[in-house]
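Data first, discussion second: the structure below is written as structure tokens.
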Amino acid sequence: MSVRKLFRSRGNVAMYTARKTIETICFIVLVAAILSAAAAVAEPECKPTVVGNLHVEHFQSKIFDRTMTVRIWLPDGYDDAAETARKYPTLYMLDGQNAFDQCTTFKGEQELQIDETVTRLIAEHKIATMIVVGVDSAHGESRDYEYEAWKDPLTDANQKEPDGKELPLFFGSELMPYVSSHYRVTDDAAHIGIGGTSVGAFAALYVALNRPDLFGLVLAESPDLWLGNGQLLRDTTLLLRAPDRVAIGVGTTEYNFPQSKAYFAPLRLTKREAEAATVKMDQILASNLTNAFIKHPQVQLVIEPGANHSAVFWSRRIPTAILFLYGGPKTSH
């Protein structure tokens, strides 16, 4: 109850009662401040783990009707006077809050360490100097709604149709024009990549397949190929144009979590069946992309034994993926 409510419509309230009430409120506020200070001591403020020069930008998206947060990681030397005309190979990462900083990641997850990885690969002269753009996802269930082009009929049959089909337009008409107007990113699709993990990996594939004019490279860790009952596999079966290079990663035990048995039981599936199917789908996707009619891309498929669906393993595979995508000529796998 507020102080204003305490004294509202009281008429002739005794001064003694008012003073005691105020003293009580002050005591409560003091105790709350002490408890808050104690909590701050018990839980120290998170120390950012970003390596390098990270800019955080915001702009309003008309397509998704929300403020978008964009995290632009710039390489050493970007601001040097001798580099002002240089444009850089670029990687756009979905779920940008997970890419660079442990303090901004999803609760319970670890960061993907994109900044550490790219810094090291550049220093070792294994990849060219590049820019990474992290695009934050929406919070909670809105993330899936924005990233999915089709819902999962096994688990979301009663949900409304998602909005992910707008992502290619969002990238082409809003995000990339905004970034290119503020930073010296390349406009050569052969050196522009898009990446993500889980449903973000699905979204990266979907955008690249629908905007081959914008993206020649794709990084997809544990892509959610269950969406649309495997629709992306059907869509790539007779594919005209694929990206130039695609790095796909998946674990053999993607669903190795304590709650998996209870999750799959209503779907009349076992964890083993689901994991085998997931690996098989990634293998089919890799084959479909390789067999595109016009562009036969270089595809790297990494199947990691014992890896599950988490950032612990995604961050471990991402260096190999970035090296494959940005490290010069490769052979198909």
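Residue numbering restarts at 1 in every chain; chains get A, B, ... in the order shown in the structure tokens, and ligands count up from 1 in that same order.
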Selection: 10 Å around Leu323 of chain A, only C-alpha atoms, excl. self and same-chain fewer than 2 positions, as number ranges by chain: A: 117-118, 121-122, 126-128, 247, 318-321, 325-328, 330
What does the file look like for those residues with C-alpha atoms, as an mmCIF file, in the first residue's frame?
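The result, written out as selection.cif:
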data_model
loop_
_atom_site.group_PDB
_atom_site.id
_atom_site.type_symbol
_atom_site.label_atom_id
_atom_site.label_comp_id
_atom_site.auth_asym_id
_atom_site.auth_seq_id
_atom_site.Cartn_x
_atom_site.Cartn_y
_atom_site.Cartn_z
ATOM 1 C CA THR A 117 36.990 -17.775 -32.475
ATOM 2 C CA VAL A 118 37.194 -15.136 -35.207
ATOM 3 C CA LEU A 121 41.493 -17.474 -36.740
ATOM 4 C CA ILE A 122 42.383 -13.999 -38.024
ATOM 5 C CA LYS A 126 43.539 -18.846 -41.392
ATOM 6 C CA ILE A 127 40.701 -16.532 -42.454
ATOM 7 C CA ALA A 128 40.536 -13.007 -43.821
ATOM 8 C CA ALA A 247 28.579 -25.938 -42.926
ATOM 9 C CA ILE A 318 31.753 -23.388 -34.852
ATOM 10 C CA PRO A 319 35.522 -22.792 -35.357
ATOM 11 C CA THR A 320 35.616 -25.635 -37.906
ATOM 12 C CA ALA A 321 32.537 -24.221 -39.626
ATOM 13 C CA LEU A 325 33.247 -21.019 -44.885
ATOM 14 C CA TYR A 326 35.800 -18.205 -44.806
ATOM 15 C CA GLY A 327 39.159 -19.958 -45.052
ATOM 16 C CA GLY A 328 39.640 -20.294 -48.789
ATOM 17 C CA LYS A 330 37.677 -26.326 -49.905
#
Residues flagged helix (DSSP H, G or I) by DSSP in segment 108-142 of chain A, as a list in words: Ile114, Asp115, Glu116, Thr117, Val118, Thr119, Arg120, Leu121, Ile122, Ala123, Glu141 and Ser142 of chain A
Set out as a tab-separated table a contact list for segment 67-156 of chain A and segment 173-196 of chain A with a cut-off of 10 Å, giving each residue of segment 67-156 of chain A that qualifies its closest atom pair and distance in Å to one decimal, counting only C-alpha atoms, ordered by chain and rising residue number.
residue	atom	partner	partner_atom	distance
A:Met68	CA	A:Leu175	CA	8.9
A:Val70	CA	A:Val179	CA	8.7
A:Ile72	CA	A:Val179	CA	8.5
A:Leu74	CA	A:Tyr183	CA	9.1
A:Tyr78	CA	A:Arg184	CA	8.9
A:Glu83	CA	A:Arg184	CA	9.9
A:Thr84	CA	A:Arg184	CA	8.4
A:Ala85	CA	A:Arg184	CA	8.0
A:Arg86	CA	A:Arg184	CA	6.9
A:Lys87	CA	A:Arg184	CA	4.8
A:Tyr88	CA	A:Val185	CA	5.0
A:Pro89	CA	A:His191	CA	5.0
A:Thr90	CA	A:Ile192	CA	4.9
A:Leu91	CA	A:Gly193	CA	4.5
A:Tyr92	CA	A:Ile194	CA	4.6
A:Met93	CA	A:Gly195	CA	4.8
A:Leu94	CA	A:Gly196	CA	5.1
A:Asp95	CA	A:Gly196	CA	7.0
A:Gly96	CA	A:Gly196	CA	8.8
A:Asn98	CA	A:Gly196	CA	9.9
A:Ala99	CA	A:Gly196	CA	9.4
A:Met130	CA	A:Val185	CA	8.4
A:Ile131	CA	A:Val185	CA	7.0
A:Val132	CA	A:Val185	CA	9.2
A:Val133	CA	A:Val179	CA	8.4
A:Gly134	CA	A:Gly195	CA	9.5
A:Val135	CA	A:Leu175	CA	8.8
Take the selection from the previous step and output its residues with N, CA, C and O atoms, as an mmCIF file, in the first residue's frame.
data_model
loop_
_atom_site.group_PDB
_atom_site.id
_atom_site.type_symbol
_atom_site.label_atom_id
_atom_site.label_comp_id
_atom_site.auth_asym_id
_atom_site.auth_seq_id
_atom_site.Cartn_x
_atom_site.Cartn_y
_atom_site.Cartn_z
ATOM 1 N N MET A 68 14.650 -3.819 -33.075
ATOM 2 C CA MET A 68 15.652 -4.859 -33.283
ATOM 3 C C MET A 68 16.982 -4.425 -32.658
ATOM 4 O O MET A 68 17.393 -3.265 -32.809
ATOM 5 N N VAL A 70 20.996 -5.100 -32.732
ATOM 6 C CA VAL A 70 22.019 -5.648 -33.618
ATOM 7 C C VAL A 70 23.382 -5.420 -32.973
ATOM 8 O O VAL A 70 23.698 -4.302 -32.545
ATOM 9 N N ILE A 72 27.334 -5.559 -33.622
ATOM 10 C CA ILE A 72 28.319 -5.583 -34.709
ATOM 11 C C ILE A 72 29.712 -5.709 -34.114
ATOM 12 O O ILE A 72 30.197 -4.815 -33.410
ATOM 13 N N LEU A 74 33.576 -5.737 -34.709
ATOM 14 C CA LEU A 74 34.521 -5.185 -35.687
ATOM 15 C C LEU A 74 35.929 -5.685 -35.409
ATOM 16 O O LEU A 74 36.346 -5.784 -34.252
ATOM 17 N N TYR A 78 39.937 -1.835 -37.931
ATOM 18 C CA TYR A 78 38.787 -1.360 -38.717
ATOM 19 C C TYR A 78 38.799 0.163 -38.852
ATOM 20 O O TYR A 78 38.464 0.699 -39.909
ATOM 21 N N GLU A 83 42.406 2.025 -43.829
ATOM 22 C CA GLU A 83 41.402 1.005 -44.134
ATOM 23 C C GLU A 83 40.027 1.579 -44.462
ATOM 24 O O GLU A 83 39.052 0.837 -44.594
ATOM 25 N N THR A 84 39.926 2.879 -44.617
ATOM 26 C CA THR A 84 38.607 3.514 -44.728
ATOM 27 C C THR A 84 37.831 3.107 -45.981
ATOM 28 O O THR A 84 36.611 3.254 -46.025
ATOM 29 N N ALA A 85 38.495 2.623 -46.987
ATOM 30 C CA ALA A 85 37.807 2.207 -48.210
ATOM 31 C C ALA A 85 37.574 0.699 -48.262
ATOM 32 O O ALA A 85 36.940 0.195 -49.190
ATOM 33 N N ARG A 86 38.058 -0.009 -47.275
ATOM 34 C CA ARG A 86 37.983 -1.478 -47.289
ATOM 35 C C ARG A 86 36.619 -1.973 -46.828
ATOM 36 O O ARG A 86 36.057 -1.472 -45.861
ATOM 37 N N LYS A 87 36.092 -2.961 -47.543
ATOM 38 C CA LYS A 87 34.871 -3.640 -47.123
ATOM 39 C C LYS A 87 35.215 -5.068 -46.721
ATOM 40 O O LYS A 87 36.103 -5.690 -47.310
ATOM 41 N N TYR A 88 34.501 -5.589 -45.748
ATOM 42 C CA TYR A 88 34.905 -6.828 -45.104
ATOM 43 C C TYR A 88 33.913 -7.974 -45.340
ATOM 44 O O TYR A 88 32.699 -7.759 -45.356
ATOM 45 N N PRO A 89 34.419 -9.196 -45.489
ATOM 46 C CA PRO A 89 33.532 -10.367 -45.457
ATOM 47 C C PRO A 89 32.708 -10.320 -44.172
ATOM 48 O O PRO A 89 33.193 -9.842 -43.139
ATOM 49 N N THR A 90 31.489 -10.811 -44.249
ATOM 50 C CA THR A 90 30.554 -10.618 -43.138
ATOM 51 C C THR A 90 29.780 -11.890 -42.832
ATOM 52 O O THR A 90 29.387 -12.619 -43.747
ATOM 53 N N LEU A 91 29.567 -12.127 -41.555
ATOM 54 C CA LEU A 91 28.725 -13.225 -41.095
ATOM 55 C C LEU A 91 27.610 -12.650 -40.237
ATOM 56 O O LEU A 91 27.861 -11.957 -39.255
ATOM 57 N N TYR A 92 26.354 -12.917 -40.633
ATOM 58 C CA TYR A 92 25.187 -12.527 -39.845
ATOM 59 C C TYR A 92 24.760 -13.725 -39.003
ATOM 60 O O TYR A 92 24.447 -14.787 -39.544
ATOM 61 N N MET A 93 24.755 -13.557 -37.673
ATOM 62 C CA MET A 93 24.373 -14.638 -36.769
ATOM 63 C C MET A 93 23.023 -14.334 -36.115
ATOM 64 O O MET A 93 22.844 -13.293 -35.470
ATOM 65 N N LEU A 94 22.067 -15.245 -36.283
ATOM 66 C CA LEU A 94 20.797 -15.139 -35.579
ATOM 67 C C LEU A 94 21.002 -15.470 -34.100
ATOM 68 O O LEU A 94 21.992 -16.085 -33.732
ATOM 69 N N ASP A 95 20.044 -15.042 -33.255
ATOM 70 C CA ASP A 95 20.217 -15.139 -31.797
ATOM 71 C C ASP A 95 21.502 -14.432 -31.391
ATOM 72 O O ASP A 95 22.353 -14.968 -30.675
ATOM 73 N N GLY A 96 21.643 -13.197 -31.832
ATOM 74 C CA GLY A 96 22.880 -12.453 -31.613
ATOM 75 C C GLY A 96 23.258 -12.281 -30.160
ATOM 76 O O GLY A 96 24.446 -12.125 -29.843
ATOM 77 N N ASN A 98 23.457 -14.452 -28.032
ATOM 78 C CA ASN A 98 24.251 -15.611 -27.609
ATOM 79 C C ASN A 98 25.638 -15.660 -28.237
ATOM 80 O O ASN A 98 26.434 -16.531 -27.885
ATOM 81 N N ALA A 99 25.925 -14.766 -29.151
ATOM 82 C CA ALA A 99 27.121 -14.905 -29.977
ATOM 83 C C ALA A 99 28.414 -14.496 -29.287
ATOM 84 O O ALA A 99 29.450 -15.150 -29.465
ATOM 85 N N MET A 130 37.356 -10.035 -40.917
ATOM 86 C CA MET A 130 35.930 -10.025 -41.225
ATOM 87 C C MET A 130 35.127 -9.326 -40.134
ATOM 88 O O MET A 130 35.629 -9.025 -39.058
ATOM 89 N N ILE A 131 33.856 -9.091 -40.434
ATOM 90 C CA ILE A 131 32.890 -8.496 -39.502
ATOM 91 C C ILE A 131 31.836 -9.546 -39.182
ATOM 92 O O ILE A 131 31.433 -10.314 -40.051
ATOM 93 N N VAL A 132 31.371 -9.569 -37.930
ATOM 94 C CA VAL A 132 30.277 -10.456 -37.530
ATOM 95 C C VAL A 132 29.139 -9.599 -37.001
ATOM 96 O O VAL A 132 29.355 -8.721 -36.159
ATOM 97 N N VAL A 133 27.938 -9.847 -37.506
ATOM 98 C CA VAL A 133 26.753 -9.103 -37.103
ATOM 99 C C VAL A 133 25.802 -10.054 -36.380
ATOM 100 O O VAL A 133 25.266 -10.986 -36.977
ATOM 101 N N GLY A 134 25.606 -9.832 -35.086
ATOM 102 C CA GLY A 134 24.657 -10.634 -34.320
ATOM 103 C C GLY A 134 23.306 -9.952 -34.286
ATOM 104 O O GLY A 134 23.203 -8.778 -33.921
ATOM 105 N N VAL A 135 22.273 -10.679 -34.668
ATOM 106 C CA VAL A 135 20.913 -10.131 -34.707
ATOM 107 C C VAL A 135 20.118 -10.764 -33.572
ATOM 108 O O VAL A 135 19.823 -11.961 -33.607
#
Residue list (strand (DSSP E or B), DSSP) for segment 67-296 of chain A, as JSON, numbers by chain: {"A": [67, 68, 69, 70, 71, 72, 73, 74, 88, 90, 91, 92, 93, 94, 131, 132, 133, 134, 135, 185, 192, 193, 194, 195, 196, 197, 217, 218, 219, 220, 221, 245, 246, 247, 248, 249, 250, 251]}
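The gap separating atom CA of Glu161 of chain A from atom CA of Leu289 of chain A is 26.4 Å, in Å to one decimal.
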Point-to-point distance from atom CA of His55 of chain A to atom CA of Arg71 of chain A, Å rounded to tenths: 5.7 Å
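Distances from A:Phe257, A:Gly230, A:Asn308, A:Phe264 to Asp282 of chain A were compared using only C-alpha atoms, and the smallest one belongs to A:Gly230.
Nearest residue to Leu232 of chain A, choosing from A:Glu141, A:Glu109, A:Asp76, A:Glu148 and counting only C-alpha atoms: A:Glu148.
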Contacts of Gln113 of chain A at 8 Å (only C-alpha atoms; same-chain gap of 2+ positions) as an MDAnalysis selection string: chainID A and resid 99:101 111 115:117 315
Contact residues around Ile294 of chain A with only C-alpha atoms at 8 Å, ignoring same-chain residues under 5 positions, as a PyMOL selection string: chain A and resi 240-242
Based on the selection just made, write N, CA and C atoms of those residues as a compact mmCIF listing (two decimals), in the first residue's frame.
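Okay, this is what ended up in selection29.txt:
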# COMPACT_ATOMS: atom_id res chain seq x y z
N LEU A 240 17.21 -25.66 -57.43
CA LEU A 240 17.88 -25.02 -58.57
C LEU A 240 19.22 -24.43 -58.16
N ARG A 241 19.20 -23.54 -57.16
CA ARG A 241 20.42 -22.83 -56.75
C ARG A 241 20.62 -22.98 -55.25
N ALA A 242 21.79 -23.40 -54.86
CA ALA A 242 22.14 -23.52 -53.44
C ALA A 242 23.21 -22.49 -53.10
Nearest to Ala277 of chain A, chosen from A:Thr49, A:Thr129, A:Ser137, A:Asn229, with only C-alpha atoms counted in the distances: A:Asn229
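Going from atom CA of Asp213 of chain A to atom CA of Lys151 of chain A covers 26.2 Å.
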9 Å contact set for segment 201-210 of chain A, only C-alpha atoms, chain neighbours under 6 positions out, as an MDAnalysis selection string: chainID A and resid 92:94 146:149 164:165 167:169 171 193:195 216:225 227 232 236 241:243 246 248
